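Colleague: Contents of work30.csv (CSV, C-alpha atoms) are given next:
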chain,number,residue,atom,x,y,z
A,30,MET,CA,83.1,108.0,207.2
A,31,GLU,CA,81.2,105.0,205.9
A,32,ASP,CA,82.4,103.5,202.6
A,33,LYS,CA,80.3,103.9,199.5
A,34,ASP,CA,79.5,100.2,199.1
A,35,THR,CA,78.0,100.0,202.6
A,36,LYS,CA,75.8,103.0,201.9
A,37,LEU,CA,74.6,101.6,198.6
A,38,LYS,CA,73.8,98.2,200.2
A,39,GLU,CA,71.5,100.1,202.6
A,40,ASN,CA,70.1,102.0,199.7
A,41,THR,CA,68.9,98.8,197.9
A,42,ASP,CA,66.9,97.6,200.9
A,43,ILE,CA,64.4,100.4,200.9
A,44,GLU,CA,61.6,101.7,198.8
A,45,GLN,CA,61.9,99.1,196.0
A,46,ASN,CA,59.4,99.0,193.2
A,47,PRO,CA,57.6,95.6,193.2
A,48,ASP,CA,58.5,95.1,189.5
A,49,ASN,CA,62.1,96.1,190.1
A,50,ASN,CA,62.6,97.0,186.5
A,51,PRO,CA,64.6,100.0,185.3
A,52,VAL,CA,62.8,102.5,183.1
A,53,THR,CA,65.5,102.9,180.5
A,54,ARG,CA,69.3,102.9,180.1
A,55,GLN,CA,69.2,104.2,176.5
A,56,ALA,CA,69.5,107.8,175.5
A,57,LEU,CA,66.3,108.9,173.8
A,58,PRO,CA,65.5,112.0,171.8
A,59,SER,CA,65.3,115.1,174.0
A,60,LEU,CA,61.7,115.8,175.1
A,61,GLY,CA,62.7,119.4,176.1
A,62,GLY,CA,59.5,120.3,178.0
A,63,VAL,CA,59.1,122.3,181.2
A,64,GLY,CA,57.2,121.1,184.2
A,65,GLY,CA,55.8,122.6,187.4
A,66,GLY,CA,52.3,124.1,187.4
A,67,LEU,CA,52.2,124.0,183.6
A,68,GLY,CA,51.2,120.3,183.6
A,69,HIS,CA,54.1,119.2,181.5
A,70,SER,CA,56.6,116.5,182.3
A,71,LEU,CA,60.2,117.4,183.4
A,72,THR,CA,62.8,115.5,181.6
A,73,CYS,CA,65.6,114.0,183.7
A,74,MET,CA,68.8,112.0,183.5
A,75,ILE,CA,70.4,109.8,186.2
A,76,ILE,CA,74.2,109.5,186.5
A,77,ASP,CA,75.7,107.2,189.1
A,78,ASP,CA,78.6,104.8,188.9
A,79,GLU,CA,76.7,102.2,191.0
A,80,PRO,CA,74.0,100.3,189.1
A,81,LEU,CA,72.0,99.6,192.2
A,82,ALA,CA,71.7,103.3,193.0
A,83,ILE,CA,70.6,103.9,189.4
A,84,ARG,CA,67.9,101.2,189.7
A,85,LEU,CA,66.5,102.7,192.8
A,86,LEU,CA,66.2,106.2,191.2
A,87,GLU,CA,64.7,104.7,188.0
A,88,ASN,CA,62.0,103.2,190.2
A,89,TYR,CA,61.4,106.5,191.9
A,90,VAL,CA,61.1,108.3,188.5
A,91,ALA,CA,58.7,105.7,187.3
A,92,ARG,CA,56.5,106.4,190.3
A,93,THR,CA,56.5,110.2,189.8
A,94,PRO,CA,54.1,111.4,187.0
A,95,SER,CA,55.8,114.8,186.6
A,96,LEU,CA,59.1,113.2,185.5
A,97,THR,CA,60.2,111.6,182.2
A,98,LEU,CA,63.5,109.7,182.2
A,99,VAL,CA,65.6,110.3,179.1
A,100,ALA,CA,68.6,108.1,180.1
A,101,SER,CA,70.7,106.6,182.9
A,102,PHE,CA,74.5,106.3,182.9
A,103,THR,CA,77.2,104.8,185.0
A,104,ASP,CA,79.8,106.6,183.0
A,105,SER,CA,79.8,110.4,183.6
A,106,VAL,CA,82.0,111.1,180.6
A,107,GLU,CA,79.7,109.3,178.2
A,108,ALA,CA,76.7,111.1,179.9
A,109,LEU,CA,78.2,114.5,179.2
A,110,SER,CA,78.7,113.8,175.5
A,111,VAL,CA,75.1,112.6,175.2
A,112,LEU,CA,73.8,115.5,177.2
A,113,ARG,CA,75.1,117.9,174.6
A,114,SER,CA,72.7,116.5,172.0
A,115,ASN,CA,69.9,115.4,174.4
A,116,PRO,CA,69.6,118.1,177.0
A,117,VAL,CA,67.3,117.6,180.0
A,118,ASN,CA,65.7,119.7,182.7
A,119,ILE,CA,67.0,117.8,185.7
A,120,ILE,CA,70.1,115.6,186.4
A,121,PHE,CA,70.1,113.3,189.4
A,122,LEU,CA,73.9,113.3,189.9
A,123,ASP,CA,76.2,111.2,192.1
A,124,ILE,CA,79.4,113.0,193.3
A,125,GLN,CA,82.0,110.4,193.8
A,126,MET,CA,82.6,108.9,190.4
A,127,PRO,CA,85.7,107.9,188.4
A,128,ASP,CA,87.0,109.9,185.5
A,129,LEU,CA,84.7,112.9,185.9
A,130,ASP,CA,83.2,113.5,189.4
A,131,GLY,CA,79.8,115.1,190.0
A,132,MET,CA,81.2,118.5,191.1
A,133,GLU,CA,83.3,118.8,187.9
A,134,PHE,CA,80.4,117.5,185.8
A,135,SER,CA,78.0,120.1,187.3
A,136,ARG,CA,80.2,123.0,186.1
A,137,MET,CA,80.0,121.7,182.5
A,138,VAL,CA,76.2,121.4,182.0
A,139,PRO,CA,74.0,124.1,180.4
A,140,SER,CA,72.6,126.7,182.8
A,141,GLU,CA,69.1,125.7,182.0
A,142,THR,CA,69.7,122.2,183.4
A,143,ARG,CA,69.3,121.9,187.2
A,144,ILE,CA,71.3,119.5,189.3
A,145,ILE,CA,70.0,117.4,192.2
A,146,PHE,CA,73.0,115.7,193.9
A,147,THR,CA,72.7,112.2,195.2
A,148,THR,CA,75.5,111.0,197.4
A,149,ALA,CA,76.4,108.8,200.4
A,150,PHE,CA,78.5,111.6,202.0
A,151,LYS,CA,77.0,114.6,203.7
A,152,ASP,CA,80.4,116.4,203.6
A,153,TYR,CA,79.6,117.5,200.1
A,154,ALA,CA,76.5,119.4,201.1
A,155,PHE,CA,78.2,122.8,201.3
A,156,ASP,CA,80.1,122.3,198.0
A,157,SER,CA,76.8,121.4,196.2
A,158,TYR,CA,75.4,124.9,196.9
A,159,GLU,CA,78.5,126.5,195.6
A,160,VAL,CA,77.7,125.1,192.2
A,161,ASN,CA,74.0,126.2,192.6
A,162,ALA,CA,72.5,122.7,192.9
A,163,LEU,CA,68.8,122.6,193.3
A,164,ASP,CA,68.9,120.1,196.1
A,165,PHE,CA,71.1,117.6,197.8
A,166,LEU,CA,69.8,114.0,198.6
A,167,LEU,CA,71.8,111.9,201.1
A,168,LYS,CA,71.9,108.2,200.5
A,169,PRO,CA,70.0,106.0,201.4
A,170,ILE,CA,67.4,108.1,199.6
A,171,ARG,CA,63.8,107.6,200.6
A,172,TYR,CA,61.0,108.3,198.2
A,173,ASN,CA,59.4,111.1,200.3
A,174,LYS,CA,62.8,113.0,200.2
A,175,PHE,CA,63.0,112.4,196.5
A,176,VAL,CA,59.5,113.9,196.0
A,177,VAL,CA,60.4,117.0,197.9
A,178,ALA,CA,63.4,117.5,195.6
A,179,VAL,CA,61.2,117.1,192.5
A,180,GLU,CA,58.7,119.6,193.9
A,181,LYS,CA,61.6,122.1,194.3
A,182,ALA,CA,62.4,121.5,190.6
A,183,GLU,CA,58.8,121.9,189.6
A,184,HIS,CA,58.6,125.2,191.5
A,185,TRP,CA,61.8,126.5,189.9
A,186,PHE,CA,60.7,125.7,186.4
A,187,SER,CA,57.3,127.2,187.0
A,188,MET,CA,58.9,130.5,188.1
A,189,VAL,CA,61.1,131.1,185.1
A,190,PRO,CA,59.8,132.1,181.6
A,191,ALA,CA,58.9,129.2,179.4
A,192,GLU,CA,61.4,130.2,176.8
A,193,ALA,CA,64.2,130.3,179.4
A,194,ALA,CA,63.3,127.0,180.9
A,195,ALA,CA,62.8,125.1,177.7
A,196,VAL,CA,65.8,122.9,177.0
A,197,THR,CA,66.9,122.9,173.4
A,198,PRO,CA,69.9,121.2,171.8
A,199,PRO,CA,72.9,123.5,171.2
A,200,VAL,CA,73.8,124.5,167.6
A,201,PRO,CA,76.7,122.2,166.8
A,202,SER,CA,78.6,124.7,164.8
A,203,GLU,CA,78.8,127.2,167.7
A,204,ARG,CA,80.8,124.9,169.9
A,205,ALA,CA,84.6,125.6,169.6
A,206,THR,CA,86.0,123.2,172.2
A,207,ILE,CA,85.5,119.9,174.0
A,208,PHE,CA,86.9,118.6,177.3
A,209,ILE,CA,89.0,115.4,177.2
A,210,ARG,CA,90.2,113.6,180.3
A,211,VAL,CA,93.8,112.6,180.0
A,212,ASP,CA,96.0,111.2,182.8
A,213,GLY,CA,93.5,112.2,185.5
A,214,GLU,CA,92.9,115.8,184.4
A,215,LEU,CA,90.4,117.4,182.0
A,216,ARG,CA,92.0,119.2,179.1
A,217,GLN,CA,90.1,121.6,176.9
A,218,VAL,CA,90.8,121.0,173.2
A,219,ARG,CA,89.8,123.3,170.3
A,220,LEU,CA,87.8,121.4,167.7
A,221,ASP,CA,89.9,122.9,164.9
A,222,ARG,CA,93.0,121.1,166.4
A,223,ILE,CA,91.5,117.6,165.9
A,224,VAL,CA,92.6,115.8,162.8
A,225,TYR,CA,91.0,112.4,163.4
A,226,VAL,CA,90.0,110.1,166.2
A,227,SER,CA,90.8,106.4,166.2
A,228,GLY,CA,89.3,103.7,168.5
A,229,MET,CA,90.9,100.8,170.2
A,230,LYS,CA,88.5,98.7,172.4
A,231,ASP,CA,87.3,101.0,175.2
A,232,TYR,CA,89.8,103.7,174.5
A,233,VAL,CA,90.1,106.4,171.8
A,234,MET,CA,93.0,108.4,170.5
A,235,PHE,CA,92.6,112.0,169.5
A,236,TYR,CA,95.2,113.1,166.9
A,237,LEU,CA,95.8,116.8,166.9
A,238,THR,CA,97.4,119.2,164.5
A,239,ASP,CA,100.1,120.4,166.9
A,240,GLU,CA,101.0,117.4,168.9
A,241,ARG,CA,103.0,114.4,167.8
A,242,ARG,CA,101.5,111.9,170.2
A,243,PRO,CA,97.7,111.3,170.4
A,244,MET,CA,95.6,112.1,173.5
A,245,ILE,CA,94.3,108.8,174.8
A,246,THR,CA,91.1,108.7,176.9
A,247,HIS,CA,88.6,106.2,178.0
A,248,LEU,CA,85.6,106.6,175.6
A,249,THR,CA,83.6,104.6,173.1
A,250,MET,CA,83.5,105.6,169.5
A,251,LYS,CA,79.7,106.3,169.8
A,252,ALA,CA,80.5,108.7,172.6
A,253,VAL,CA,83.0,110.5,170.4
A,254,GLU,CA,80.4,110.8,167.6
A,255,ASP,CA,77.9,112.3,170.1
A,256,MET,CA,80.6,114.7,171.4
A,257,LEU,CA,81.8,116.1,168.1
A,258,PRO,CA,79.5,118.3,165.9
A,259,ALA,CA,78.2,116.4,162.9
A,260,ASP,CA,78.7,119.3,160.5
A,261,LYS,CA,82.5,119.2,161.1
A,262,PHE,CA,83.2,115.5,161.8
A,263,MET,CA,82.1,112.2,160.3
A,264,ARG,CA,82.5,108.6,161.1
A,265,VAL,CA,84.0,106.8,158.1
A,266,HIS,CA,85.0,103.5,159.7
A,267,ARG,CA,84.1,101.4,162.8
A,268,SER,CA,87.3,102.7,164.3
A,269,TYR,CA,87.7,106.2,162.8
A,270,VAL,CA,86.1,109.7,163.0
A,271,VAL,CA,87.7,112.3,160.8
A,272,ALA,CA,87.6,116.1,160.7
A,273,LEU,CA,86.1,116.9,157.4
A,274,ASP,CA,88.2,120.0,156.8
A,275,LYS,CA,91.4,118.1,157.4
A,276,ILE,CA,90.9,115.6,154.5
A,277,ARG,CA,93.7,116.2,151.9
A,278,SER,CA,92.4,113.8,149.3
A,279,VAL,CA,90.3,110.7,148.6
A,280,ASP,CA,91.5,108.1,146.1
A,281,ARG,CA,89.5,105.8,143.8
A,282,ASN,CA,89.5,103.0,146.4
A,283,ASN,CA,87.7,105.3,148.9
A,284,CYS,CA,90.8,105.8,151.0
A,285,ILE,CA,91.1,109.1,152.9
A,286,TYR,CA,94.5,110.8,153.2
A,287,ILE,CA,94.4,112.8,156.4
A,288,GLY,CA,97.3,113.7,158.7
A,289,GLU,CA,99.8,110.9,158.4
A,290,GLU,CA,97.1,108.3,158.1
A,291,VAL,CA,95.3,106.6,155.2
A,292,ILE,CA,91.8,105.5,156.3
A,293,HIS,CA,89.6,103.3,154.2
A,294,VAL,CA,85.9,104.4,154.2
A,295,THR,CA,84.0,101.1,154.8
A,296,ASP,CA,80.7,100.2,153.2
A,297,ALA,CA,78.6,101.0,156.3
A,298,TYR,CA,79.7,104.7,156.1
A,299,LEU,CA,80.3,105.1,152.4
A,300,GLY,CA,76.8,106.4,151.5
A,301,ALA,CA,76.9,109.3,153.9
A,302,PHE,CA,80.5,110.1,153.0
A,303,ASN,CA,79.8,110.1,149.2
A,304,LYS,CA,76.8,112.4,149.8
A,305,TYR,CA,79.0,114.8,151.7
A,306,ILE,CA,81.8,115.0,149.1
A,307,SER,CA,79.3,115.3,146.2
A,308,LYS,CA,77.8,118.5,147.7
How does the structure come out when it is put into structure tokens?
Modeller:
Amino acid sequence: MEDKDTKLKENTDIEQNPDNNPVTRQALPSLGGVGGGLGHSLTCMIIDDEPLAIRLLENYVARTPSLTLVASFTDSVEALSVLRSNPVNIIFLDIQMPDLDGMEFSRMVPSETRIIFTTAFKDYAFDSYEVNALDFLLKPIRYNKFVVAVEKAEHWFSMVPAEAAAVTPPVPSERATIFIRVDGELRQVRLDRIVYVSGMKDYVMFYLTDERRPMITHLTMKAVEDMLPADKFMRVHRSYVVALDKIRSVDRNNCIYIGEEVIHVTDAYLGAFNKYISK
């Protein structure tokens, strides 16, 4: 089996856009439309741990009028947290990725979102259909193959009722759990167990009601904010997100007493916090 780097090098030598510019790498508000024969654009997301592979797919999306790119990610865990608040119609998803691989990821997306796998290894073809993928693109991916996969997506969305195909953000208060990767495995954690989350460079620590030691995982604080429902959690400091129902008290110096920690609400977050406690 050829290694992934070799496949990706081949991938960058074909079908390049003359401008060679990525469309976007920033998450945008969900456009939530349906495509197919209805004449609307299908929203999509690209997830691949190799920047060169992302660049190629971004160029393909830019050349395809029926697609609108919402975001691109090299980190699948961060992508999953953003997807919850910015759902899309299609995900172009690599399989071999660190932390959360494509197969695991595909089992965690909303049923309305369709997966098109992009991988350098044909061995995964059978597994991709077990998770009901819409198509399987083998790297190096040529534009004509990409277009065929998009046409399959257009056909699928044109066949389902508009209200079923439309992608809408979930209601935050309905979510009861999240998945956190710890020591190489995904652990499902109930939201009501989380007391607060603290950040330390590229890692965060989840402090829970029933565990003495925090759960440590590779995430940014921004990803944590996107992952947790805004009606139950609030960022009060550059390095802290707190569970609002776990706050015991707040003193005159804007210090929150929560769990075994005292957290000072900094000026950047004080306005929103004061608005919440004055309700």
Colleague: To one decimal place in Å, what is the distance between atom CA of A:Met256 and atom CA of A:Asn115?
Modeller: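 Computing the Euclidean distance for atom CA of A:Met256 and atom CA of A:Asn115 yields 11.1 Å.
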Colleague: Can you list, as a ChimeraX atom specification, every protein, DNA or RNA residue that comes within 12 Å of A:Val291 when you count all atoms listed in the file, leaving out same-chain residues fewer than 4 positions away?
Modeller: /A:225,227,265-266,269,271,276-280,282-287
Colleague: Which residues are near stretch 220-223 of chain A? Cut-off 6 Å, only C-alpha atoms, ignore same chain within fewer than 3 positions. Put them as a VMD selection string.
Modeller: chain A and resid 205 to 206 236 to 238
Colleague: When you draw a straight line from atom CA of A:Glu133 to atom CA of A:Leu215, how long is it in Å?
Modeller: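 Spanning atom CA of A:Glu133 to atom CA of A:Leu215 is a straight-line distance of 9.3 Å.
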Colleague: Hey, which of A:Ala149, A:Phe121, A:Glu107, A:Pro139 ends up closest to A:Asp231? Count all atoms listed in the file.
Modeller: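 Closest to A:Asp231, using all atoms listed in the file: A:Glu107.
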Colleague: Using Å and a single decimal, report how far atom CA of A:Arg210 sits from atom CA of A:Ile83.
Modeller: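 Between these atoms lies a distance of 23.7 Å.
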Colleague: Select, from A:Asn88, A:Leu167, A:Asp128, A:Tyr172, the residue with the minimum atom-to-atom distance to A:Thr246, counting all atoms listed in the file.
Modeller: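 Looking at the shortest contact to A:Thr246, the residue is A:Asp128.
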Colleague: Between A:Ala82, A:Ala178, A:Val117, A:Met126, which residue has the minimum interatomic distance to A:Val138, considering all atoms listed in the file?
Modeller: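 The answer is A:Val117, which sits nearest to A:Val138.
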Colleague: Between A:Thr147, A:Thr295, A:Ser110, A:Ser307, which one has atoms that come closest to A:Leu257, using all atoms listed in the file?
Modeller: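 Using all atoms listed in the file, A:Leu257 sits closest to A:Ser110.
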Colleague: Working from the structure I just supplied, which lacks atoms in stretch 213-227 of chain A, can you model N, CA and C atoms there and output them as a PDB file, keeping the file's coordinate frame?
Modeller:
ATOM      1  N   GLY A 213      94.097 111.703 184.248  1.00  0.00           N
ATOM      2  CA  GLY A 213      93.500 112.200 185.500  1.00  0.00           C
ATOM      3  C   GLY A 213      93.045 113.625 185.485  1.00  0.00           C
ATOM      4  N   GLU A 214      93.269 114.354 184.405  1.00  0.00           N
ATOM      5  CA  GLU A 214      92.900 115.800 184.400  1.00  0.00           C
ATOM      6  C   GLU A 214      92.061 116.041 183.099  1.00  0.00           C
ATOM      7  N   LEU A 215      91.167 117.028 183.188  1.00  0.00           N
ATOM      8  CA  LEU A 215      90.400 117.400 182.000  1.00  0.00           C
ATOM      9  C   LEU A 215      91.156 118.472 181.233  1.00  0.00           C
ATOM     10  N   ARG A 216      91.299 118.214 179.950  1.00  0.00           N
ATOM     11  CA  ARG A 216      92.000 119.200 179.100  1.00  0.00           C
ATOM     12  C   ARG A 216      91.019 119.699 178.035  1.00  0.00           C
ATOM     13  N   GLN A 217      90.993 120.997 177.886  1.00  0.00           N
ATOM     14  CA  GLN A 217      90.100 121.600 176.900  1.00  0.00           C
ATOM     15  C   GLN A 217      90.836 121.647 175.547  1.00  0.00           C
ATOM     16  N   VAL A 218      90.165 121.134 174.535  1.00  0.00           N
ATOM     17  CA  VAL A 218      90.800 121.000 173.200  1.00  0.00           C
ATOM     18  C   VAL A 218      89.900 121.727 172.190  1.00  0.00           C
ATOM     19  N   ARG A 219      90.505 122.592 171.403  1.00  0.00           N
ATOM     20  CA  ARG A 219      89.800 123.300 170.300  1.00  0.00           C
ATOM     21  C   ARG A 219      89.426 122.251 169.240  1.00  0.00           C
ATOM     22  N   LEU A 220      88.225 122.341 168.741  1.00  0.00           N
ATOM     23  CA  LEU A 220      87.800 121.400 167.700  1.00  0.00           C
ATOM     24  C   LEU A 220      88.653 121.524 166.451  1.00  0.00           C
ATOM     25  N   ASP A 221      89.136 122.727 166.158  1.00  0.00           N
ATOM     26  CA  ASP A 221      89.900 122.900 164.900  1.00  0.00           C
ATOM     27  C   ASP A 221      91.320 122.306 165.033  1.00  0.00           C
ATOM     28  N   ARG A 222      91.701 121.792 166.213  1.00  0.00           N
ATOM     29  CA  ARG A 222      93.000 121.100 166.400  1.00  0.00           C
ATOM     30  C   ARG A 222      92.880 119.616 166.079  1.00  0.00           C
ATOM     31  N   ILE A 223      91.652 119.077 166.090  1.00  0.00           N
ATOM     32  CA  ILE A 223      91.500 117.600 165.900  1.00  0.00           C
ATOM     33  C   ILE A 223      91.543 117.256 164.448  1.00  0.00           C
ATOM     34  N   VAL A 224      92.416 116.314 164.141  1.00  0.00           N
ATOM     35  CA  VAL A 224      92.600 115.800 162.800  1.00  0.00           C
ATOM     36  C   VAL A 224      91.673 114.591 162.565  1.00  0.00           C
ATOM     37  N   TYR A 225      91.832 113.615 163.438  1.00  0.00           N
ATOM     38  CA  TYR A 225      91.000 112.400 163.400  1.00  0.00           C
ATOM     39  C   TYR A 225      91.024 111.756 164.766  1.00  0.00           C
ATOM     40  N   VAL A 226      90.087 110.830 164.977  1.00  0.00           N
ATOM     41  CA  VAL A 226      90.000 110.100 166.200  1.00  0.00           C
ATOM     42  C   VAL A 226      89.971 108.584 165.834  1.00  0.00           C
ATOM     43  N   SER A 227      90.789 107.794 166.484  1.00  0.00           N
ATOM     44  CA  SER A 227      90.800 106.400 166.200  1.00  0.00           C
ATOM     45  C   SER A 227      90.410 105.610 167.507  1.00  0.00           C
TER      46      SER A 227
END
